[in-house]
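Colleague: input.txt is the file, holding compact mmCIF, C-alpha atoms:
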```
# COMPACT_ATOMS: atom_id res chain seq x y z
CA MET A 1 75.61 143.28 102.46
CA SER A 2 73.52 146.29 101.52
CA VAL A 3 74.05 149.49 99.54
CA THR A 4 72.38 152.83 100.32
CA VAL A 5 72.07 155.68 97.82
CA ARG A 6 70.95 159.21 98.64
CA VAL A 7 69.03 161.12 95.93
CA PRO A 8 67.85 164.76 95.92
CA ALA A 9 64.57 166.40 95.03
CA LYS A 10 64.35 168.87 92.15
CA VAL A 11 62.67 172.15 91.41
CA ASN A 12 61.96 173.29 87.86
CA VAL A 13 63.09 176.91 87.68
CA GLN A 14 61.76 176.93 84.12
CA LEU A 15 59.33 174.47 82.57
CA ALA A 16 58.48 175.40 78.98
CA VAL A 17 56.00 172.91 77.50
CA GLY A 18 55.45 172.42 73.77
CA GLY A 19 52.35 170.97 72.15
CA ALA A 20 51.30 167.35 72.60
CA ARG A 21 53.31 164.92 70.44
CA PRO A 22 51.84 161.89 68.63
CA ASP A 23 53.29 159.65 71.37
CA GLY A 24 51.39 161.59 74.04
CA PHE A 25 54.47 163.30 75.46
CA HIS A 26 55.37 166.99 75.11
CA ASP A 27 58.65 168.55 74.01
CA LEU A 28 60.13 170.52 76.89
CA ALA A 29 62.73 173.08 77.79
CA ASN A 30 63.06 172.04 81.41
CA VAL A 31 65.64 173.76 83.63
CA PHE A 32 66.20 171.52 86.65
CA LEU A 33 67.87 172.45 89.94
CA ALA A 34 68.60 169.73 92.50
CA VAL A 35 67.85 170.80 96.08
CA GLY A 36 68.73 169.41 99.48
CA LEU A 37 65.66 167.32 100.30
CA TYR A 38 66.54 163.65 99.99
CA ASP A 39 65.21 160.13 99.71
CA GLU A 40 67.50 157.22 100.58
CA VAL A 41 67.19 153.87 98.83
CA THR A 42 68.77 150.82 100.47
CA VAL A 43 69.17 147.61 98.47
CA THR A 44 69.77 144.24 100.13
CA PRO A 45 69.92 140.75 98.56
CA ALA A 46 66.63 138.85 98.98
CA ASP A 47 64.77 135.76 97.75
CA SER A 48 62.57 137.91 95.50
CA LEU A 49 61.90 141.54 94.62
CA ARG A 50 60.29 143.42 97.50
CA VAL A 51 59.69 147.13 98.21
CA THR A 52 59.16 148.78 101.59
CA CYS A 53 58.91 152.44 102.48
CA GLU A 54 59.02 154.70 105.55
CA GLY A 55 58.71 158.43 106.11
CA PRO A 56 56.14 161.20 105.51
CA ASP A 57 53.24 159.96 103.34
CA ALA A 58 54.88 156.54 102.93
CA SER A 59 51.39 155.03 102.81
CA LYS A 60 50.87 156.75 99.44
CA VAL A 61 53.91 155.10 97.84
CA PRO A 62 53.13 151.99 95.73
CA LEU A 63 54.99 148.92 96.94
CA ASP A 64 54.40 146.76 93.86
CA ARG A 65 56.21 146.57 90.54
CA THR A 66 54.77 149.92 89.41
CA ASN A 67 57.18 151.63 91.82
CA LEU A 68 60.01 153.21 89.83
CA ALA A 69 62.58 151.75 92.21
CA ALA A 70 61.30 148.24 91.44
CA ARG A 71 61.19 148.99 87.72
CA ALA A 72 64.78 150.27 87.86
CA ALA A 73 66.02 147.09 89.56
CA GLU A 74 64.22 144.93 86.99
CA ALA A 75 65.55 146.97 84.07
CA LEU A 76 69.16 146.70 85.21
CA ALA A 77 68.77 142.98 86.01
CA ALA A 78 67.27 142.29 82.58
CA ARG A 79 70.12 144.10 80.85
CA TYR A 80 72.70 141.97 82.68
CA GLY A 81 70.84 138.64 82.53
CA ARG A 82 70.11 138.20 86.19
CA ARG A 83 67.12 138.18 88.54
CA ALA A 84 66.13 141.30 90.47
CA ASP A 85 66.07 139.46 93.79
CA VAL A 86 66.50 142.40 96.14
CA HIS A 87 64.74 144.14 99.00
CA LEU A 88 64.39 147.84 98.15
CA HIS A 89 63.78 150.02 101.19
CA ILE A 90 62.91 153.66 100.57
CA ALA A 91 63.34 156.23 103.35
CA LYS A 92 61.24 159.11 102.01
CA ASP A 93 61.71 162.77 102.77
CA ILE A 94 60.79 164.20 99.34
CA PRO A 95 57.06 165.10 99.16
CA VAL A 96 55.01 162.33 97.54
CA ALA A 97 53.23 163.26 94.26
CA GLY A 98 54.41 166.80 94.88
CA GLY A 99 56.08 167.80 91.61
CA MET A 100 59.59 167.39 93.05
CA ALA A 101 60.49 164.09 91.33
CA GLY A 102 60.39 161.90 94.43
CA GLY A 103 59.44 158.80 92.46
CA SER A 104 62.07 159.55 89.84
CA ALA A 105 64.65 160.01 92.60
CA ASP A 106 63.79 156.56 93.96
CA GLY A 107 64.21 155.06 90.49
CA ALA A 108 67.63 156.62 90.03
CA GLY A 109 68.64 155.65 93.56
CA ALA A 110 67.62 152.02 93.11
CA LEU A 111 69.42 151.83 89.79
CA LEU A 112 72.70 153.13 91.22
CA ALA A 113 72.37 150.97 94.34
CA CYS A 114 71.71 147.77 92.38
CA ASP A 115 74.61 148.56 90.06
CA ALA A 116 76.90 148.85 93.10
CA LEU A 117 75.45 145.77 94.86
CA TRP A 118 75.69 143.53 91.80
CA GLY A 119 78.97 144.94 90.50
CA THR A 120 77.56 145.19 86.99
CA GLY A 121 80.08 147.87 86.04
CA ALA A 122 77.51 149.70 83.91
CA SER A 123 78.83 152.88 82.34
CA ARG A 124 77.31 156.27 83.15
CA ASP A 125 75.79 156.36 79.66
CA GLU A 126 74.19 152.94 80.17
CA LEU A 127 72.68 154.05 83.47
CA LEU A 128 71.37 157.23 81.86
CA ASP A 129 69.82 155.18 79.03
CA ILE A 130 67.96 153.05 81.56
CA CYS A 131 66.93 156.20 83.45
CA ALA A 132 65.45 157.66 80.26
CA GLU A 133 63.47 154.46 79.68
CA LEU A 134 62.04 154.69 83.19
CA GLY A 135 60.82 158.30 83.01
CA SER A 136 61.50 161.83 81.84
CA ASP A 137 62.84 163.13 85.19
CA VAL A 138 64.86 160.06 86.19
CA PRO A 139 68.08 160.99 84.31
CA PHE A 140 68.29 164.31 86.16
CA SER A 141 67.85 162.57 89.51
CA LEU A 142 71.00 160.60 88.70
CA VAL A 143 72.97 163.65 87.49
CA GLY A 144 71.82 166.38 89.92
CA GLY A 145 73.29 169.87 90.04
CA ALA A 146 71.58 171.98 87.39
CA ALA A 147 70.71 170.97 83.85
CA LEU A 148 68.59 171.83 80.85
CA GLY A 149 66.36 168.93 79.85
CA THR A 150 65.08 168.80 76.27
CA GLY A 151 63.09 166.21 74.31
CA ARG A 152 60.58 165.08 76.95
CA GLY A 153 63.12 166.24 79.56
CA GLU A 154 65.47 163.25 79.40
CA LYS A 155 68.18 164.79 77.17
CA LEU A 156 70.38 166.72 79.58
CA ARG A 157 72.89 169.54 79.21
CA VAL A 158 74.68 170.35 82.45
CA LEU A 159 74.47 174.02 83.42
CA GLU A 160 76.95 176.15 85.34
CA VAL A 161 75.65 177.74 88.53
CA GLY A 162 77.47 180.65 90.13
CA GLY A 163 76.20 180.31 93.69
CA THR A 164 73.73 178.74 96.10
CA PHE A 165 70.01 179.45 95.85
CA HIS A 166 67.78 179.23 98.91
CA TRP A 167 64.24 177.87 98.69
CA VAL A 168 61.13 177.22 100.72
CA PHE A 169 58.74 174.48 99.58
CA ALA A 170 55.13 174.53 100.73
CA VAL A 171 53.73 171.00 100.90
CA ALA A 172 50.04 170.76 99.99
CA ASP A 173 47.45 168.29 101.24
CA GLY A 174 47.16 165.45 98.73
CA GLY A 175 48.94 165.09 95.41
CA LEU A 176 48.35 165.98 91.79
CA SER A 177 48.59 163.50 88.93
CA THR A 178 51.22 164.59 86.41
CA PRO A 179 49.24 163.19 83.44
CA ALA A 180 46.14 165.01 84.70
CA VAL A 181 48.02 168.31 84.89
CA TYR A 182 49.40 167.90 81.36
CA GLY A 183 45.91 167.00 80.16
CA GLU A 184 44.49 170.15 81.74
CA CYS A 185 47.30 172.20 80.18
CA ASP A 186 46.34 170.83 76.74
CA ARG A 187 42.66 171.56 77.42
CA LEU A 188 43.32 175.17 78.45
CA ARG A 189 45.55 175.72 75.44
CA GLU A 190 42.95 174.32 73.05
CA PHE A 191 40.41 176.71 74.55
CA ASP A 192 42.81 179.63 73.98
CA ARG A 193 43.47 178.47 70.42
CA LEU A 194 39.78 178.31 69.57
CA ARG A 195 38.96 181.59 71.29
CA GLU A 196 41.97 183.72 70.39
CA GLY A 197 43.94 181.78 67.79
CA VAL A 198 46.90 181.37 70.18
CA GLU A 199 49.28 178.65 69.01
CA VAL A 200 51.70 176.82 71.32
CA PRO A 201 55.27 178.08 70.81
CA GLU A 202 58.30 175.81 70.63
CA PRO A 203 59.80 175.41 74.12
CA VAL A 204 63.04 177.37 74.52
CA ALA A 205 65.20 177.97 77.58
CA SER A 206 65.21 181.57 78.80
CA GLY A 207 68.52 183.32 78.23
CA ALA A 208 67.87 185.62 81.20
CA LEU A 209 67.24 182.63 83.45
CA LEU A 210 70.38 180.79 82.34
CA ARG A 211 72.45 183.94 82.94
CA ALA A 212 70.95 184.36 86.40
CA LEU A 213 71.89 180.77 87.28
CA ALA A 214 75.42 181.19 85.95
CA GLU A 215 75.89 184.44 87.88
CA GLY A 216 74.28 183.20 91.10
CA ASP A 217 71.87 186.14 90.97
CA ALA A 218 68.77 185.25 93.04
CA VAL A 219 66.90 188.46 92.21
CA ALA A 220 67.37 187.96 88.47
CA LEU A 221 66.46 184.27 88.76
CA ALA A 222 63.28 185.15 90.64
CA ALA A 223 62.25 187.52 87.85
CA ALA A 224 62.78 184.77 85.24
CA LEU A 225 61.04 181.84 86.97
CA SER A 226 58.32 180.28 84.82
CA ASN A 227 56.20 177.14 84.61
CA ASP A 228 53.85 176.48 81.70
CA LEU A 229 52.01 173.89 83.83
CA GLN A 230 51.18 176.39 86.57
CA ALA A 231 47.85 177.53 85.09
CA ALA A 232 46.75 173.91 84.77
CA ALA A 233 47.80 173.07 88.33
CA LEU A 234 45.90 176.11 89.62
CA SER A 235 42.86 175.13 87.55
CA LEU A 236 42.82 171.69 89.18
CA ARG A 237 43.78 172.98 92.64
CA PRO A 238 42.65 176.64 92.98
CA SER A 239 43.75 176.78 96.63
CA LEU A 240 47.38 176.87 95.48
CA ALA A 241 46.86 180.53 94.52
CA SER A 242 46.47 181.37 98.22
CA THR A 243 49.70 179.53 99.04
CA LEU A 244 51.60 181.43 96.33
CA ALA A 245 50.19 184.73 97.61
CA ALA A 246 51.09 183.91 101.23
CA GLY A 247 54.72 183.14 100.41
CA SER A 248 55.07 186.22 98.22
CA SER A 249 53.57 188.43 100.92
CA ALA A 250 56.04 186.99 103.42
CA GLY A 251 58.97 188.29 101.38
CA ALA A 252 59.86 185.61 98.83
CA LEU A 253 61.73 186.96 95.81
CA GLY A 254 59.80 184.69 93.46
CA ALA A 255 57.16 181.97 93.61
CA LEU A 256 55.88 179.22 91.34
CA VAL A 257 54.29 175.80 91.31
CA SER A 258 57.02 173.14 91.32
CA GLY A 259 56.68 171.01 88.19
CA SER A 260 53.17 169.57 87.98
CA GLY A 261 52.51 170.52 91.62
CA PRO A 262 50.97 170.70 94.08
CA THR A 263 54.13 171.68 95.96
CA THR A 264 54.82 175.40 95.59
CA ALA A 265 58.36 176.78 95.53
CA PHE A 266 59.56 180.12 96.88
CA LEU A 267 62.99 181.55 96.06
CA VAL A 268 64.43 183.65 98.88
CA SER A 269 67.62 185.61 99.43
CA ASP A 270 69.25 183.66 102.28
CA GLU A 271 68.77 181.11 105.08
CA GLU A 272 67.26 183.63 107.50
CA SER A 273 64.69 184.72 104.92
CA ALA A 274 63.90 181.07 104.23
CA ARG A 275 63.03 180.45 107.88
CA LYS A 276 60.82 183.55 108.00
CA VAL A 277 58.93 182.63 104.83
CA ALA A 278 58.53 179.02 106.00
CA ASP A 279 57.09 180.15 109.34
CA ALA A 280 54.73 182.58 107.61
CA LEU A 281 53.50 179.89 105.20
CA VAL A 282 52.70 177.49 108.03
CA ALA A 283 51.00 180.27 110.00
CA SER A 284 48.89 181.20 106.95
CA GLY A 285 47.17 177.82 107.03
CA THR A 286 47.49 177.52 103.23
CA CYS A 287 49.80 174.48 103.30
CA ARG A 288 50.40 171.34 105.34
CA ALA A 289 54.10 171.98 105.94
CA ALA A 290 56.96 174.15 104.72
CA ARG A 291 60.43 172.79 104.02
CA VAL A 292 63.66 174.77 103.63
CA ALA A 293 66.38 173.63 101.22
CA ALA A 294 69.18 175.01 99.08
CA GLY A 295 70.68 174.05 95.74
CA PRO A 296 72.28 173.02 93.58
CA VAL A 297 73.35 169.75 95.21
CA PRO A 298 74.85 166.58 93.64
CA GLY A 299 72.66 163.86 92.15
CA ALA A 300 72.44 160.24 93.33
CA VAL A 301 75.44 159.18 95.48
CA VAL A 302 76.35 155.91 97.19
CA LEU A 303 76.69 156.49 100.94
```
Take the structure I supplied and represent it as structure tokens, if you would.

Modeller:
Amino acid sequence: MSVTVRVPAKVNVQLAVGGARPDGFHDLANVFLAVGLYDEVTVTPADSLRVTCEGPDASKVPLDRTNLAARAAEALAARYGRRADVHLHIAKDIPVAGGMAGGSADGAGALLACDALWGTGASRDELLDICAELGSDVPFSLVGGAALGTGRGEKLRVLEVGGTFHWVFAVADGGLSTPAVYGECDRLREFDRLREGVEVPEPVASGALLRALAEGDAVALAAALSNDLQAAALSLRPSLASTLAAGSSAGALGALVSGSGPTTAFLVSDEESARKVADALVASGTCRAARVAAGPVPGAVVL
């Protein structure tokens, strides 16, 4: 017997980042939108815990116990007093280390799949607690749709969305380390503080952005897109500026770095526009590939 769970990628339509906390994390106002690029995690009983992976950039996915899918299986097993003797197979389609929560998706997928395989009967709240222990983005991968994440992003409030939003995602060569991007963000902010006395404001969700989501207004959403990590991602990977410019020139309504990058996200008006912008991005030579997706979509689901 095996269980397969499908889990979506995410784009941060707003990522407001507070100052560094004593624990090394940052308080966030993180508006997530789940989009239709998916990983699938299949769990099968085995003699011991094992992870395999296939798909684009599968060679970059760790197959040891640092993988969030493995950590999720072990966390659920420990809570229910059993061994995590399963084979976890990840079919990847979410860009690896791309700022779209692919690893977090795999963690949420493995957790839900193991729960179904073992019949633990864990409540939704229990699963979300384990997700929060695994990582800041993992709870949203389980929930999907659209949500405001506060704390370090793990405390979720589901948001209403009044329509479908169409996106193009430009996949960059190589990845960016999320801790490195946050570190660069802190460094740039400290420089601004010393030079200009600029203090870091408390992270707050944009009212205009939340209204645009609720009304399904792509033009208004495009005007409100923001990512406090974008300057840091561009500092570490200056070539992303050319990708953002190429997508904007091709007719995107709005553009930003997705999360900690290096994937860049382009909001467009409809499916036809998405295809045109994707083709233009590939032709520009500023990215490795361009993917089209729409959202919101549901979170982790058993197939």

Colleague: Smallest atom-to-atom distance to Gly144 in chain A: which of A:Val297, A:Val198, A:Ala214, A:Ala84, using only C-alpha atoms?

Modeller: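 Nearest candidate to Gly144 in chain A out of A:Val297, A:Val198, A:Ala214, A:Ala84: A:Val297.
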
Colleague: Which residues come within 8 Å of Ala218 in chain A, counting all atoms listed in the file, excluding same-chain residues fewer than 4 positions away, as a PDB file with C-alpha atoms, in the frame of the given file?

Modeller:
```pdb
ATOM      1  CA  PHE A 165      70.010 179.450  95.850  1.00  0.00           C
ATOM      2  CA  ALA A 212      70.950 184.360  86.400  1.00  0.00           C
ATOM      3  CA  LEU A 213      71.890 180.770  87.280  1.00  0.00           C
ATOM      4  CA  ALA A 222      63.280 185.150  90.640  1.00  0.00           C
ATOM      5  CA  LEU A 253      61.730 186.960  95.810  1.00  0.00           C
ATOM      6  CA  LEU A 267      62.990 181.550  96.060  1.00  0.00           C
ATOM      7  CA  VAL A 268      64.430 183.650  98.880  1.00  0.00           C
ATOM      8  CA  SER A 269      67.620 185.610  99.430  1.00  0.00           C
TER       9      SER A 269
END
```

Colleague: Please list as JSON, numbers by chain every residue within 10 Å of Arg275 in chain A, counting only C-alpha atoms and excluding residues in the same chain fewer than 4 positions away.

Modeller: {"A": [167, 168, 268, 270, 271, 279, 280, 281, 290, 291, 292]}

Colleague: Considering only C-alpha atoms, state which residue in the set A:Ala97, A:Ala294, A:Val41, A:Ala147 is at the smallest distance from Leu112 in chain A.

Modeller: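 Smallest distance to Leu112 in chain A is found for A:Val41.
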
Colleague: Could you check how far CA of Val5 in chain A sits from CA of Gly216 in chain A, in Å to one decimal?

Modeller: 28.4 Å

Colleague: One decimal, in Å: what's the spacing between CA of Asn227 in chain A and CA of Ala172 in chain A?

Modeller: 17.8 Å

Colleague: Could you please determine the separation between CA of Leu225 in chain A and CA of Ser284 in chain A in Å, to one decimal place?

Modeller: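 Between CA of Leu225 in chain A and CA of Ser284 in chain A the gap is 23.4 Å.
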
Colleague: Please provide as a count of residues only all residues within 10 Å of Pro262 in chain A, with the sequence filter that same-chain residues fewer than 4 positions apart are discarded (counting only C-alpha atoms).

Modeller: 25

Colleague: Determine, counting only C-alpha atoms, which protein, DNA and RNA residues have an atom within 9 Å of an atom of Ala122 in chain A; residues of the same chain fewer than 5 positions away are not included. Present the result as JSON, numbers by chain.

Modeller: {"A": [76, 115, 127]}

Colleague: For Val35 in chain A, which residue out of A:Thr164, A:Ser2, A:Thr263, A:Thr52 is the nearest one, using only C-alpha atoms?

Modeller: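 Among the listed residues, A:Thr164 lies closest to Val35 in chain A.
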
Colleague: When you look at Leu15 in chain A with a cut-off of 9 Å (counting only C-alpha atoms), what residues show up, excluding the ones that are within fewer than 5 positions of it in the same chain? I need them as an MDAnalysis selection string.

Modeller: chainID A and resid 28:32 203 205 225:229 259

Colleague: Between A:Ile90, A:Arg211, A:Ala108, A:Leu303, which residue has the minimum interatomic distance to Asp57 in chain A, considering only C-alpha atoms?

Modeller: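 For Asp57 in chain A, the nearest of the given residues is A:Ile90.
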
Colleague: Under the rule that all atoms listed in the file are counted, which of A:Glu196, A:Glu154, A:Asp27, A:Asp85 is the nearest residue to Cys114 in chain A?

Modeller: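 The shortest atom-to-atom distance to Cys114 in chain A comes from A:Asp85.
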
Colleague: List the residues sitting within 9 Å of (60.1, 159.2, 94.3) in the file's frame, using only C-alpha atoms, as a list in words.

Modeller: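 Taken together, the residues in range are Ala9, Asp39, Val61, Asn67, Leu68, Ala69, Ile90, Lys92, Ile94, Pro95, Val96, Ala97, Met100, Ala101, Gly102, Gly103, Ser104, Ala105, Asp106 and Gly107 of chain A.
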
Colleague: Could you check the closest approach to Val143 in chain A for each of A:Arg195, A:Ala231, A:Ala34, A:Ala278 and tell me which residue wins, using only C-alpha atoms?

Modeller: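 Among the listed residues, the smallest separation from Val143 in chain A belongs to A:Ala34.
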
Colleague: From the block I gave, I'd like range 83-113 of chain A written with N, CA and C atoms, as a CSV table (one decimal), in the first residue's frame.

Modeller:
```csv
chain,number,residue,atom,x,y,z
A,83,ARG,N,8.0,3.8,14.6
A,83,ARG,CA,9.2,4.1,13.8
A,83,ARG,C,8.8,4.6,12.4
A,84,ALA,N,9.6,5.5,11.9
A,84,ALA,CA,9.3,6.1,10.6
A,84,ALA,C,9.9,5.3,9.5
A,85,ASP,N,9.5,4.0,9.4
A,85,ASP,CA,10.0,3.1,8.4
A,85,ASP,C,9.2,3.2,7.2
A,86,VAL,N,9.6,4.2,6.3
A,86,VAL,CA,8.8,4.4,5.1
A,86,VAL,C,9.8,4.8,4.0
A,87,HIS,N,9.4,4.6,2.8
A,87,HIS,CA,10.1,5.1,1.6
A,87,HIS,C,9.3,6.3,1.1
A,88,LEU,N,10.0,7.5,1.2
A,88,LEU,CA,9.4,8.7,0.7
A,88,LEU,C,9.9,9.0,-0.7
A,89,HIS,N,9.1,9.0,-1.7
A,89,HIS,CA,9.5,9.4,-3.0
A,89,HIS,C,8.9,10.7,-3.4
A,90,ILE,N,9.7,11.6,-3.8
A,90,ILE,CA,9.3,13.0,-4.2
A,90,ILE,C,9.4,13.2,-5.7
A,91,ALA,N,8.3,13.5,-6.3
A,91,ALA,CA,8.3,13.8,-7.7
A,91,ALA,C,8.2,15.3,-7.8
A,92,LYS,N,9.3,16.0,-8.1
A,92,LYS,CA,9.5,17.4,-8.0
A,92,LYS,C,9.1,18.1,-9.3
A,93,ASP,N,8.3,19.2,-9.1
A,93,ASP,CA,8.0,20.1,-10.2
A,93,ASP,C,8.1,21.6,-9.8
A,94,ILE,N,8.2,21.8,-8.5
A,94,ILE,CA,8.4,23.1,-7.9
A,94,ILE,C,9.9,23.4,-8.0
A,95,PRO,N,10.3,24.6,-8.5
A,95,PRO,CA,11.8,24.9,-8.5
A,95,PRO,C,12.5,24.7,-7.2
A,96,VAL,N,13.7,24.1,-7.3
A,96,VAL,CA,14.4,23.8,-6.1
A,96,VAL,C,15.2,25.1,-5.6
A,97,ALA,N,15.1,25.4,-4.3
A,97,ALA,CA,15.8,26.5,-3.7
A,97,ALA,C,15.4,27.8,-4.5
A,98,GLY,N,14.2,27.9,-4.9
A,98,GLY,CA,13.7,29.0,-5.7
A,98,GLY,C,12.8,30.0,-5.1
A,99,GLY,N,12.6,29.9,-3.7
A,99,GLY,CA,11.8,30.9,-3.1
A,99,GLY,C,10.3,30.6,-3.2
A,100,MET,N,9.9,29.3,-3.6
A,100,MET,CA,8.5,29.0,-3.8
A,100,MET,C,8.1,27.9,-2.9
A,101,ALA,N,8.9,27.6,-1.8
A,101,ALA,CA,8.5,26.7,-0.7
A,101,ALA,C,8.4,25.2,-1.2
A,102,GLY,N,9.3,24.8,-2.1
A,102,GLY,CA,9.3,23.5,-2.6
A,102,GLY,C,9.6,22.5,-1.4
A,103,GLY,N,10.7,22.8,-0.7
A,103,GLY,CA,11.0,21.9,0.5
A,103,GLY,C,9.9,21.9,1.5
A,104,SER,N,9.3,23.0,1.8
A,104,SER,CA,8.2,23.1,2.7
A,104,SER,C,7.0,22.3,2.2
A,105,ALA,N,6.8,22.4,0.9
A,105,ALA,CA,5.7,21.6,0.3
A,105,ALA,C,5.9,20.1,0.5
A,106,ASP,N,7.2,19.6,0.4
A,106,ASP,CA,7.5,18.2,0.6
A,106,ASP,C,7.3,17.8,2.0
A,107,GLY,N,7.6,18.7,2.9
A,107,GLY,CA,7.4,18.4,4.4
A,107,GLY,C,5.9,18.2,4.7
A,108,ALA,N,5.1,19.2,4.2
A,108,ALA,CA,3.7,19.1,4.4
A,108,ALA,C,3.1,17.8,3.7
A,109,GLY,N,3.6,17.5,2.5
A,109,GLY,CA,3.1,16.4,1.8
A,109,GLY,C,3.4,15.1,2.5
A,110,ALA,N,4.6,14.9,3.0
A,110,ALA,CA,5.0,13.7,3.7
A,110,ALA,C,4.2,13.6,5.0
A,111,LEU,N,4.0,14.7,5.7
A,111,LEU,CA,3.3,14.6,6.9
A,111,LEU,C,1.8,14.1,6.7
A,112,LEU,N,1.2,14.7,5.7
A,112,LEU,CA,-0.2,14.2,5.4
A,112,LEU,C,-0.2,12.8,4.9
A,113,ALA,N,0.8,12.4,4.1
A,113,ALA,CA,0.8,11.1,3.5
A,113,ALA,C,1.0,10.0,4.6
```
